[in-house]
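Data from target08.pdb: PDB, C-alpha atoms
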```pdb
MODEL        1
ATOM      1  CA  MET A   1     102.489 141.992  79.990
ATOM      2  CA  THR A   2      99.264 143.726  78.959
ATOM      3  CA  GLU A   3      96.320 144.097  81.330
ATOM      4  CA  ALA A   4      94.240 141.801  79.076
ATOM      5  CA  THR A   5      96.952 139.139  79.128
ATOM      6  CA  ALA A   6      97.259 139.331  82.898
ATOM      7  CA  LEU A   7      93.491 139.019  83.271
ATOM      8  CA  SER A   8      93.447 136.057  80.889
ATOM      9  CA  GLU A   9      96.173 134.267  82.864
ATOM     10  CA  THR A  10      94.372 134.965  86.150
ATOM     11  CA  ILE A  11      91.143 133.487  84.771
ATOM     12  CA  ALA A  12      93.010 130.472  83.398
ATOM     13  CA  GLY A  13      94.753 129.935  86.729
ATOM     14  CA  SER A  14      91.450 130.141  88.592
ATOM     15  CA  ALA A  15      89.877 127.633  86.219
ATOM     16  CA  ALA A  16      92.817 125.251  86.676
ATOM     17  CA  ALA A  17      92.555 125.543  90.468
ATOM     18  CA  ALA A  18      88.819 124.877  90.307
ATOM     19  CA  ALA A  19      89.494 121.766  88.252
ATOM     20  CA  ASP A  20      91.979 120.340  90.773
ATOM     21  CA  PRO A  21      90.741 117.013  92.147
ATOM     22  CA  ALA A  22      89.442 116.932  95.713
ATOM     23  CA  ILE A  23      91.247 113.591  96.149
ATOM     24  CA  ARG A  24      94.243 112.385  94.158
ATOM     25  CA  LEU A  25      95.978 109.019  94.528
ATOM     26  CA  ARG A  26      99.010 108.170  92.445
ATOM     27  CA  SER A  27     100.616 104.697  92.311
ATOM     28  CA  ALA A  28      99.119 104.097  95.758
ATOM     29  CA  THR A  29      99.913 100.694  97.251
ATOM     30  CA  MET A  30      98.913  99.326 100.652
ATOM     31  CA  ALA A  31     100.516  96.122 101.913
ATOM     32  CA  PHE A  32     100.904  94.435 105.279
ATOM     33  CA  GLY A  33     103.796  92.007 105.136
ATOM     34  CA  ASP A  34     103.232  89.630 102.228
ATOM     35  CA  ARG A  35      99.590  90.666 101.843
ATOM     36  CA  THR A  36      98.779  93.447  99.398
ATOM     37  CA  LEU A  37      95.369  95.080  99.768
ATOM     38  CA  TRP A  38      95.686  97.173  96.599
ATOM     39  CA  ARG A  39      98.562  98.194  94.384
ATOM     40  CA  GLU A  40      99.323 101.008  91.919
ATOM     41  CA  LEU A  41      95.970 102.695  92.521
ATOM     42  CA  ASP A  42      95.473 105.916  90.551
ATOM     43  CA  LEU A  43      92.318 107.828  91.386
ATOM     44  CA  ASP A  44      91.090 111.396  90.954
ATOM     45  CA  VAL A  45      87.860 112.403  92.692
ATOM     46  CA  ARG A  46      86.412 115.638  91.391
ATOM     47  CA  PRO A  47      84.636 118.243  93.541
ATOM     48  CA  GLY A  48      80.989 117.220  93.805
ATOM     49  CA  GLU A  49      81.644 113.639  92.692
ATOM     50  CA  PHE A  50      80.122 110.697  94.592
ATOM     51  CA  ILE A  51      82.361 107.601  94.620
ATOM     52  CA  ALA A  52      81.215 104.320  96.193
ATOM     53  CA  VAL A  53      84.011 102.075  97.511
ATOM     54  CA  LEU A  54      82.992  98.402  97.458
ATOM     55  CA  GLY A  55      84.599  95.040  98.083
ATOM     56  CA  PRO A  56      84.629  92.102 100.490
ATOM     57  CA  ASN A  57      85.769  92.308 104.104
ATOM     58  CA  GLY A  58      89.527  92.782 104.327
ATOM     59  CA  SER A  59      89.893  94.269 100.851
ATOM     60  CA  GLY A  60      91.263  97.563 102.179
ATOM     61  CA  LYS A  61      88.251  99.877 102.028
ATOM     62  CA  THR A  62      88.673 101.304 105.523
ATOM     63  CA  SER A  63      92.465 101.326 105.102
ATOM     64  CA  LEU A  64      91.969 103.653 102.142
ATOM     65  CA  LEU A  65      90.018 106.079 104.330
ATOM     66  CA  ARG A  66      92.686 105.859 107.024
ATOM     67  CA  VAL A  67      95.335 106.809 104.469
ATOM     68  CA  LEU A  68      93.330 109.866 103.454
ATOM     69  CA  LEU A  69      92.733 110.790 107.112
ATOM     70  CA  GLY A  70      96.467 110.570 107.723
ATOM     71  CA  THR A  71      96.331 107.777 110.318
ATOM     72  CA  LEU A  72      97.900 105.136 108.051
ATOM     73  CA  ALA A  73     100.849 105.558 105.692
ATOM     74  CA  LEU A  74     100.908 104.153 102.186
ATOM     75  CA  SER A  75     103.397 101.407 101.452
ATOM     76  CA  SER A  76     104.277 103.357  98.312
ATOM     77  CA  GLY A  77     102.824 106.121  96.160
ATOM     78  CA  ASN A  78     101.244 109.345  97.336
ATOM     79  CA  ALA A  79      97.876 110.743  98.349
ATOM     80  CA  GLN A  80      96.474 114.266  98.381
ATOM     81  CA  ILE A  81      93.119 115.378  99.741
ATOM     82  CA  ALA A  82      91.392 118.725 100.144
ATOM     83  CA  GLY A  83      94.374 120.621  98.784
ATOM     84  CA  ARG A  84      96.978 118.986 101.028
ATOM     85  CA  ARG A  85      99.159 115.938 101.232
ATOM     86  CA  ALA A  86      97.238 113.355 103.266
ATOM     87  CA  GLY A  87      97.855 113.917 106.964
ATOM     88  CA  VAL A  88      96.163 114.207 110.325
ATOM     89  CA  GLY A  89      94.116 117.327 111.112
ATOM     90  CA  ASN A  90      93.064 118.442 107.631
ATOM     91  CA  PRO A  91      90.123 120.849 108.217
ATOM     92  CA  GLY A  92      88.894 120.294 104.676
ATOM     93  CA  ILE A  93      87.800 116.736 105.535
ATOM     94  CA  GLY A  94      84.524 115.663 107.116
ATOM     95  CA  TYR A  95      84.367 112.089 108.418
ATOM     96  CA  ILE A  96      81.214 110.014 109.004
ATOM     97  CA  PRO A  97      81.833 106.705 110.839
ATOM     98  CA  GLN A  98      79.612 103.695 111.298
ATOM     99  CA  GLN A  99      76.634 103.961 113.618
ATOM    100  CA  LYS A 100      77.851 102.720 117.000
ATOM    101  CA  THR A 101      76.083 101.940 120.246
ATOM    102  CA  ILE A 102      76.491 104.664 122.877
ATOM    103  CA  ASP A 103      77.467 103.239 126.260
ATOM    104  CA  ALA A 104      74.899 103.722 129.001
ATOM    105  CA  GLY A 105      75.739 106.570 131.352
ATOM    106  CA  VAL A 106      77.707 108.622 128.800
ATOM    107  CA  GLN A 107      76.781 112.227 129.605
ATOM    108  CA  LEU A 108      76.923 113.614 126.083
ATOM    109  CA  ARG A 109      74.184 115.459 124.243
ATOM    110  CA  GLY A 110      73.729 115.583 120.520
ATOM    111  CA  VAL A 111      74.986 119.159 120.305
ATOM    112  CA  ASP A 112      78.080 118.144 122.276
ATOM    113  CA  LEU A 113      78.852 115.446 119.702
ATOM    114  CA  VAL A 114      78.423 117.925 116.842
ATOM    115  CA  GLY A 115      80.591 120.465 118.659
ATOM    116  CA  LEU A 116      83.503 118.038 118.714
ATOM    117  CA  GLY A 117      83.669 118.550 114.951
ATOM    118  CA  VAL A 118      84.542 122.201 115.613
ATOM    119  CA  ASP A 119      86.924 121.635 118.503
ATOM    120  CA  GLY A 120      89.132 119.248 116.561
ATOM    121  CA  HIS A 121      90.499 122.091 114.433
ATOM    122  CA  ARG A 122      90.626 124.947 116.944
ATOM    123  CA  TRP A 123      92.679 125.774 120.014
ATOM    124  CA  GLY A 124      92.009 128.289 122.808
ATOM    125  CA  LEU A 125      88.298 129.038 122.613
ATOM    126  CA  GLY A 126      87.662 132.653 123.657
ATOM    127  CA  TRP A 127      84.158 134.032 124.147
ATOM    128  CA  ARG A 128      83.944 135.188 120.524
ATOM    129  CA  HIS A 129      84.976 131.756 119.367
ATOM    130  CA  ARG A 130      82.407 130.182 121.673
ATOM    131  CA  ARG A 131      79.686 132.263 120.066
ATOM    132  CA  ALA A 132      80.897 131.328 116.568
ATOM    133  CA  ARG A 133      81.113 127.686 117.671
ATOM    134  CA  ALA A 134      77.515 127.716 118.898
ATOM    135  CA  GLU A 135      76.357 129.232 115.613
ATOM    136  CA  GLN A 136      78.272 126.622 113.605
ATOM    137  CA  VAL A 137      76.785 123.788 115.656
ATOM    138  CA  GLU A 138      73.273 125.204 115.341
ATOM    139  CA  ALA A 139      73.605 125.545 111.565
ATOM    140  CA  ALA A 140      74.924 121.979 111.187
ATOM    141  CA  VAL A 141      72.129 120.555 113.364
ATOM    142  CA  ALA A 142      69.545 122.428 111.306
ATOM    143  CA  ALA A 143      71.089 121.189 108.046
ATOM    144  CA  VAL A 144      70.348 117.563 109.010
ATOM    145  CA  GLY A 145      66.946 118.292 110.550
ATOM    146  CA  ALA A 146      68.038 117.279 114.053
ATOM    147  CA  GLY A 147      66.853 120.332 115.975
ATOM    148  CA  SER A 148      64.084 118.497 117.813
ATOM    149  CA  PHE A 149      66.445 116.008 119.506
ATOM    150  CA  ALA A 150      69.931 117.584 119.376
ATOM    151  CA  HIS A 151      69.822 118.650 123.043
ATOM    152  CA  ALA A 152      68.851 115.187 124.297
ATOM    153  CA  SER A 153      71.335 112.694 125.748
ATOM    154  CA  LEU A 154      72.865 110.512 123.032
ATOM    155  CA  GLU A 155      72.010 107.305 124.876
ATOM    156  CA  THR A 156      68.289 108.150 124.611
ATOM    157  CA  LEU A 157      68.393 108.594 120.825
ATOM    158  CA  SER A 158      67.749 105.992 118.151
ATOM    159  CA  GLY A 159      70.524 104.770 115.872
ATOM    160  CA  GLY A 160      69.137 106.854 113.022
ATOM    161  CA  GLU A 161      69.020 110.017 115.148
ATOM    162  CA  GLN A 162      72.579 109.449 116.351
ATOM    163  CA  GLN A 163      73.789 108.958 112.791
ATOM    164  CA  ARG A 164      72.125 112.182 111.636
ATOM    165  CA  LEU A 165      74.102 113.964 114.347
ATOM    166  CA  ARG A 166      77.312 112.304 113.133
ATOM    167  CA  VAL A 167      76.546 113.691 109.683
ATOM    168  CA  ALA A 168      76.114 117.126 111.293
ATOM    169  CA  GLN A 169      79.448 116.675 113.086
ATOM    170  CA  ALA A 170      81.130 115.932 109.749
ATOM    171  CA  LEU A 171      79.545 118.976 108.099
ATOM    172  CA  VAL A 172      80.112 121.507 110.877
ATOM    173  CA  GLY A 173      83.544 122.501 109.570
ATOM    174  CA  ASP A 174      82.230 123.086 106.017
ATOM    175  CA  PRO A 175      84.448 120.376 104.472
ATOM    176  CA  SER A 176      85.304 120.088 100.791
ATOM    177  CA  VAL A 177      85.549 116.280 101.096
ATOM    178  CA  LEU A 178      83.348 113.794 102.966
ATOM    179  CA  LEU A 179      84.830 110.413 103.881
ATOM    180  CA  CYS A 180      82.096 107.966 104.874
ATOM    181  CA  ASP A 181      82.979 104.631 106.505
ATOM    182  CA  GLU A 182      79.945 102.314 106.375
ATOM    183  CA  PRO A 183      77.629 105.075 107.662
ATOM    184  CA  LEU A 184      74.496 103.021 106.835
ATOM    185  CA  LEU A 185      75.539  99.931 108.788
ATOM    186  CA  SER A 186      72.968  98.778 111.390
ATOM    187  CA  LEU A 187      70.370 101.315 110.211
ATOM    188  CA  ASP A 188      66.905 100.373 109.002
ATOM    189  CA  LEU A 189      65.956 101.121 105.386
ATOM    190  CA  ALA A 190      64.226 104.417 106.193
ATOM    191  CA  ASN A 191      67.261 105.769 108.073
ATOM    192  CA  GLN A 192      69.648 104.417 105.435
ATOM    193  CA  ARG A 193      67.754 106.457 102.867
ATOM    194  CA  LEU A 194      67.704 109.549 105.095
ATOM    195  CA  VAL A 195      71.433 109.503 105.853
ATOM    196  CA  ALA A 196      72.308 108.824 102.204
ATOM    197  CA  GLU A 197      70.100 111.702 101.062
ATOM    198  CA  LEU A 198      71.726 114.080 103.577
ATOM    199  CA  VAL A 199      75.158 113.219 102.172
ATOM    200  CA  ASP A 200      73.921 113.593  98.594
ATOM    201  CA  GLN A 201      72.250 116.924  99.358
ATOM    202  CA  ARG A 202      75.480 118.248 100.824
ATOM    203  CA  ARG A 203      77.575 117.321  97.787
ATOM    204  CA  ARG A 204      75.034 118.776  95.345
ATOM    205  CA  GLU A 205      74.568 122.070  97.180
ATOM    206  CA  HIS A 206      78.231 122.624  98.110
ATOM    207  CA  ASP A 207      80.168 120.687  95.460
ATOM    208  CA  THR A 208      81.578 118.439  98.186
ATOM    209  CA  ALA A 209      83.405 115.325  97.011
ATOM    210  CA  VAL A 210      82.195 112.082  98.619
ATOM    211  CA  LEU A 211      84.096 108.821  99.114
ATOM    212  CA  PHE A 212      81.531 106.385 100.495
ATOM    213  CA  VAL A 213      82.661 102.987 101.799
ATOM    214  CA  THR A 214      79.802 100.496 101.926
ATOM    215  CA  HIS A 215      78.849  96.845 101.608
ATOM    216  CA  GLU A 216      75.431  97.825 100.282
ATOM    217  CA  ILE A 217      75.315  99.955  97.144
ATOM    218  CA  ASN A 218      71.554  99.836  96.643
ATOM    219  CA  PRO A 219      70.614 102.672  99.060
ATOM    220  CA  ILE A 220      73.056 104.992  97.277
ATOM    221  CA  LEU A 221      72.907 103.588  93.731
ATOM    222  CA  PRO A 222      70.927 106.550  92.270
ATOM    223  CA  MET A 223      73.522 108.957  93.703
ATOM    224  CA  VAL A 224      76.738 107.220  92.679
ATOM    225  CA  ASP A 225      78.845 108.647  89.846
ATOM    226  CA  ARG A 226      81.564 105.996  89.911
ATOM    227  CA  VAL A 227      82.480 102.814  91.769
ATOM    228  CA  LEU A 228      85.892 101.781  93.098
ATOM    229  CA  TYR A 229      85.755  98.001  93.645
ATOM    230  CA  LEU A 230      88.643  96.447  95.612
ATOM    231  CA  VAL A 231      89.407  92.696  95.619
ATOM    232  CA  ASP A 232      92.579  90.769  96.488
ATOM    233  CA  GLY A 233      95.053  93.486  95.566
ATOM    234  CA  GLY A 234      93.221  94.428  92.366
ATOM    235  CA  PHE A 235      90.587  97.029  91.619
ATOM    236  CA  ARG A 236      88.215  98.385  89.004
ATOM    237  CA  ILE A 237      87.034 101.979  88.615
ATOM    238  CA  GLY A 238      84.085 103.111  86.517
ATOM    239  CA  THR A 239      80.407 103.879  86.481
ATOM    240  CA  PRO A 240      78.087 101.373  88.195
ATOM    241  CA  ASP A 241      77.046 100.078  84.773
ATOM    242  CA  GLU A 242      80.711  99.508  83.859
ATOM    243  CA  VAL A 243      81.876  97.866  87.090
ATOM    244  CA  MET A 244      78.803  96.090  88.441
ATOM    245  CA  THR A 245      78.617  93.464  85.717
ATOM    246  CA  SER A 246      79.058  89.689  85.769
ATOM    247  CA  ALA A 247      82.027  89.880  83.398
ATOM    248  CA  THR A 248      83.901  92.595  85.300
ATOM    249  CA  LEU A 249      83.425  91.102  88.769
ATOM    250  CA  SER A 250      84.192  87.579  87.551
ATOM    251  CA  GLU A 251      87.494  88.836  86.169
ATOM    252  CA  LEU A 252      88.233  90.772  89.348
ATOM    253  CA  TYR A 253      87.468  87.882  91.717
ATOM    254  CA  GLY A 254      89.001  85.242  89.459
ATOM    255  CA  THR A 255      85.880  83.106  89.752
ATOM    256  CA  GLU A 256      82.403  83.029  88.304
ATOM    257  CA  VAL A 257      80.271  85.851  89.691
ATOM    258  CA  GLU A 258      76.799  86.775  88.580
ATOM    259  CA  VAL A 259      75.302  90.247  88.947
ATOM    260  CA  LEU A 260      71.517  90.318  88.889
ATOM    261  CA  ARG A 261      69.149  93.256  88.655
ATOM    262  CA  VAL A 262      66.034  92.626  90.703
ATOM    263  CA  ARG A 263      63.428  95.403  90.794
ATOM    264  CA  GLY A 264      66.056  98.084  90.382
ATOM    265  CA  ARG A 265      68.427  96.514  92.927
ATOM    266  CA  LEU A 266      71.792  94.867  92.300
ATOM    267  CA  VAL A 267      72.471  91.421  93.740
ATOM    268  CA  VAL A 268      75.932  89.838  93.492
ATOM    269  CA  VAL A 269      76.046  86.038  93.573
ATOM    270  CA  GLY A 270      79.265  84.014  93.619
ATOM    271  CA  THR A 271      78.843  80.490  92.234
ATOM    272  CA  GLY A 272      80.042  77.934  94.753
ATOM    273  CA  ASP A 273      80.988  80.559  97.331
ATOM    274  CA  ASP A 274      79.351  82.175 100.321
ATOM    275  CA  MET A 275      77.763  85.450  99.242
ATOM    276  CA  ASP A 276      79.425  87.352 102.109
ATOM    277  CA  ALA A 277      82.822  86.405 100.719
ATOM    278  CA  LEU A 278      81.910  88.281  97.555
ATOM    279  CA  GLY A 279      80.482  91.316  99.258
ATOM    280  CA  GLY A 280      76.928  89.966  99.653
ATOM    281  CA  THR A 281      74.137  92.056  98.209
ATOM    282  CA  ALA A 282      76.011  94.889  96.576
TER     283      ALA A 282
ENDMDL
END
```

So that I can check it, write out the structure of this file as structure tokens.
Amino acid sequence: MTEATALSETIAGSAAAAADPAIRLRSATMAFGDRTLWRELDLDVRPGEFIAVLGPNGSGKTSLLRVLLGTLALSSGNAQIAGRRAGVGNPGIGYIPQQKTIDAGVQLRGVDLVGLGVDGHRWGLGWRHRRARAEQVEAAVAAVGAGSFAHASLETLSGGEQQRLRVAQALVGDPSVLLCDEPLLSLDLANQRLVAELVDQRRREHDTAVLFVTHEINPILPMVDRVLYLVDGGFRIGTPDEVMTSATLSELYGTEVEVLRVRGRLVVVGTGDDMDALGGTA
């Protein structure tokens, strides 16, 4: 083999590795007894891609995240994420949960919460590791603009401030994939926008893939590359303009659904049904 050939193969191999999807699902099916949440799901999420996961309650959105986190096994098929088969403890994954109320009396500061994102992937902290840990936490806090309140007790912080720190916790390990489970829930519009922009900034600056479960697509609509819409064992994948249409959602739900655009926002209305049953305002 000539030196030029070897170099060419090395470059080709590097390009192929770079093109590997951050998330790959093949023939993925999730069922509980006789109830199938979704079946034969094939999905590739590219590095830097922002995917919104939509659907009514009980459609399997959070179950999909649990599969990728390794806490729930597929009924059939396979899943890979951040270069590994889906399983617990993958350091390439950052996870942002819903905003939750902190119980009164919990003695935990913001920096302590962020630090848990480091500790989950490291054993036996020596003094050098403690210094590196502190630097990682400081950098993550700064990245979300939380320096002014990160040393305060969590119970004294607003929901928006707490959620910014959860974003920092997810980013502290420098993940290649962000899994977001309704991270905008219970936040006001200003904090919804802030948290969404922090996630979008991360994926643009670091080529981080984002899988974003939500009931409300409007705060993230300008950021979304594709939508995965789950309903009653079926699904559709495509750009927002391809999926969020009256024809597509009517076919998916098996009933008449109307998608309206109102001042740049999408509103999903199910004729004869409660809007919440169809995902409400999408």

Nearest-residue call for Ala142 of chain A, choices A:Leu198, A:Ile93, A:Gly117, A:Ser76, using all atoms listed in the file: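 With all atoms listed in the file as the atom set, the closest residue is A:Leu198.
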
Expected answer as a ChimeraX atom specification: all residues with atoms within 7 Å of (97.1, 104.1, 94.0), all atoms listed in the file: /A:25-29,39-43,77

With all atoms listed in the file as the atoms that count, which of A:Glu197, A:Glu135, A:Glu182, A:Asp34 lies nearest to Val224 of chain A?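 Smallest separation from Val224 of chain A among the options: A:Glu197.
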
So what does the PyMOL selection byres ((chain A and resi 86) around 10) actually pick up in this one, as a ChimeraX atom specification? /A:23-25,66-74,78-85,87-90

Figure out the distance between atom CA of Pro91 of chain A and atom CA of Ala134 of chain A, please, to one decimal in Å. 17.9 Å

Go ahead and find all residues with at least one atom no further than 7 Å from (75.1, 119.3, 115.7) in the file's coordinates, using all atoms listed in the file; report them as a ChimeraX atom specification. /A:110-111,113-115,137-138,140-141,150,165,168-169

Please produce a file of the residues just selected, as a compact mmCIF listing (two decimals), keeping the file's coordinate frame, where the atoms kept are C-alpha atoms.
```txt
# COMPACT_ATOMS: atom_id res chain seq x y z
CA GLY A 110 73.73 115.58 120.52
CA VAL A 111 74.99 119.16 120.30
CA LEU A 113 78.85 115.45 119.70
CA VAL A 114 78.42 117.92 116.84
CA GLY A 115 80.59 120.46 118.66
CA VAL A 137 76.78 123.79 115.66
CA GLU A 138 73.27 125.20 115.34
CA ALA A 140 74.92 121.98 111.19
CA VAL A 141 72.13 120.56 113.36
CA ALA A 150 69.93 117.58 119.38
CA LEU A 165 74.10 113.96 114.35
CA ALA A 168 76.11 117.13 111.29
CA GLN A 169 79.45 116.68 113.09
```

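Taking atom CA of Gly264 of chain A and atom CA of Tyr229 of chain A as the two end points, the separation is 20.0 Å.
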
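Each of A:Leu187, A:Leu157, A:Ile51, A:Leu211 was checked against Gln99 of chain A using all atoms listed in the file; the smallest atom-to-atom distance is that of A:Leu187.
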
Compile the contact shell of Thr248 of chain A as a ChimeraX atom specification: residues with an atom at most 10 Å away, counting all atoms listed in the file, same-chain residues fewer than 3 positions apart removed. /A:236,242-245,251-254,257-259

Extract, using only C-alpha atoms, all DNA, RNA and protein residues at most 8 Å from Gly92 of chain A, discarding same-chain residues fewer than 4 positions from it, and format them as a list in words. Ala82, Gly173, Asp174, Pro175, Ser176 and Val177 of chain A

Atom CA of Thr208 of chain A to atom CA of Ile237 of chain A, straight-line distance in Å: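 These atoms are spaced 19.8 Å apart.
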
Using all atoms listed in the file: which of A:Gly233, A:Pro183, A:Gly238, A:Pro21 has the shortest distance to Ile220 of chain A: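 Closest to Ile220 of chain A of all the choices is A:Pro183.
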
In terms of the shortest atom-to-atom distance over all atoms listed in the file, which of A:Glu216, A:Glu256, A:Asp181, A:Glu205 is closest to Leu65 of chain A?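 Between A:Glu216, A:Glu256, A:Asp181, A:Glu205, the residue approaching Leu65 of chain A most closely is A:Asp181.
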
Nearest candidate to Trp38 of chain A (options A:Ser250, A:Val268, A:Leu228, A:Gly94; using all atoms listed in the file):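 Of the candidates, the smallest distance to Trp38 of chain A is held by A:Leu228.
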
Run the PyMOL selection byres ((chain A and resi 184) around 10) against the file shown and list the residues it catches, as a ChimeraX atom specification. /A:96-99,160,163,180-183,185-189,191-196,213-216,219-220

As AutoDock Vina command-line options: centre and edge lengths in Å, one decimal, of the axis-aligned box holding segment 208-227 of chain A with 3 Å per side:
```
--center_x 77.4 --center_y 107.6 --center_z 95.9 --size_x 19.5 --size_y 27.6 --size_z 18.1
```
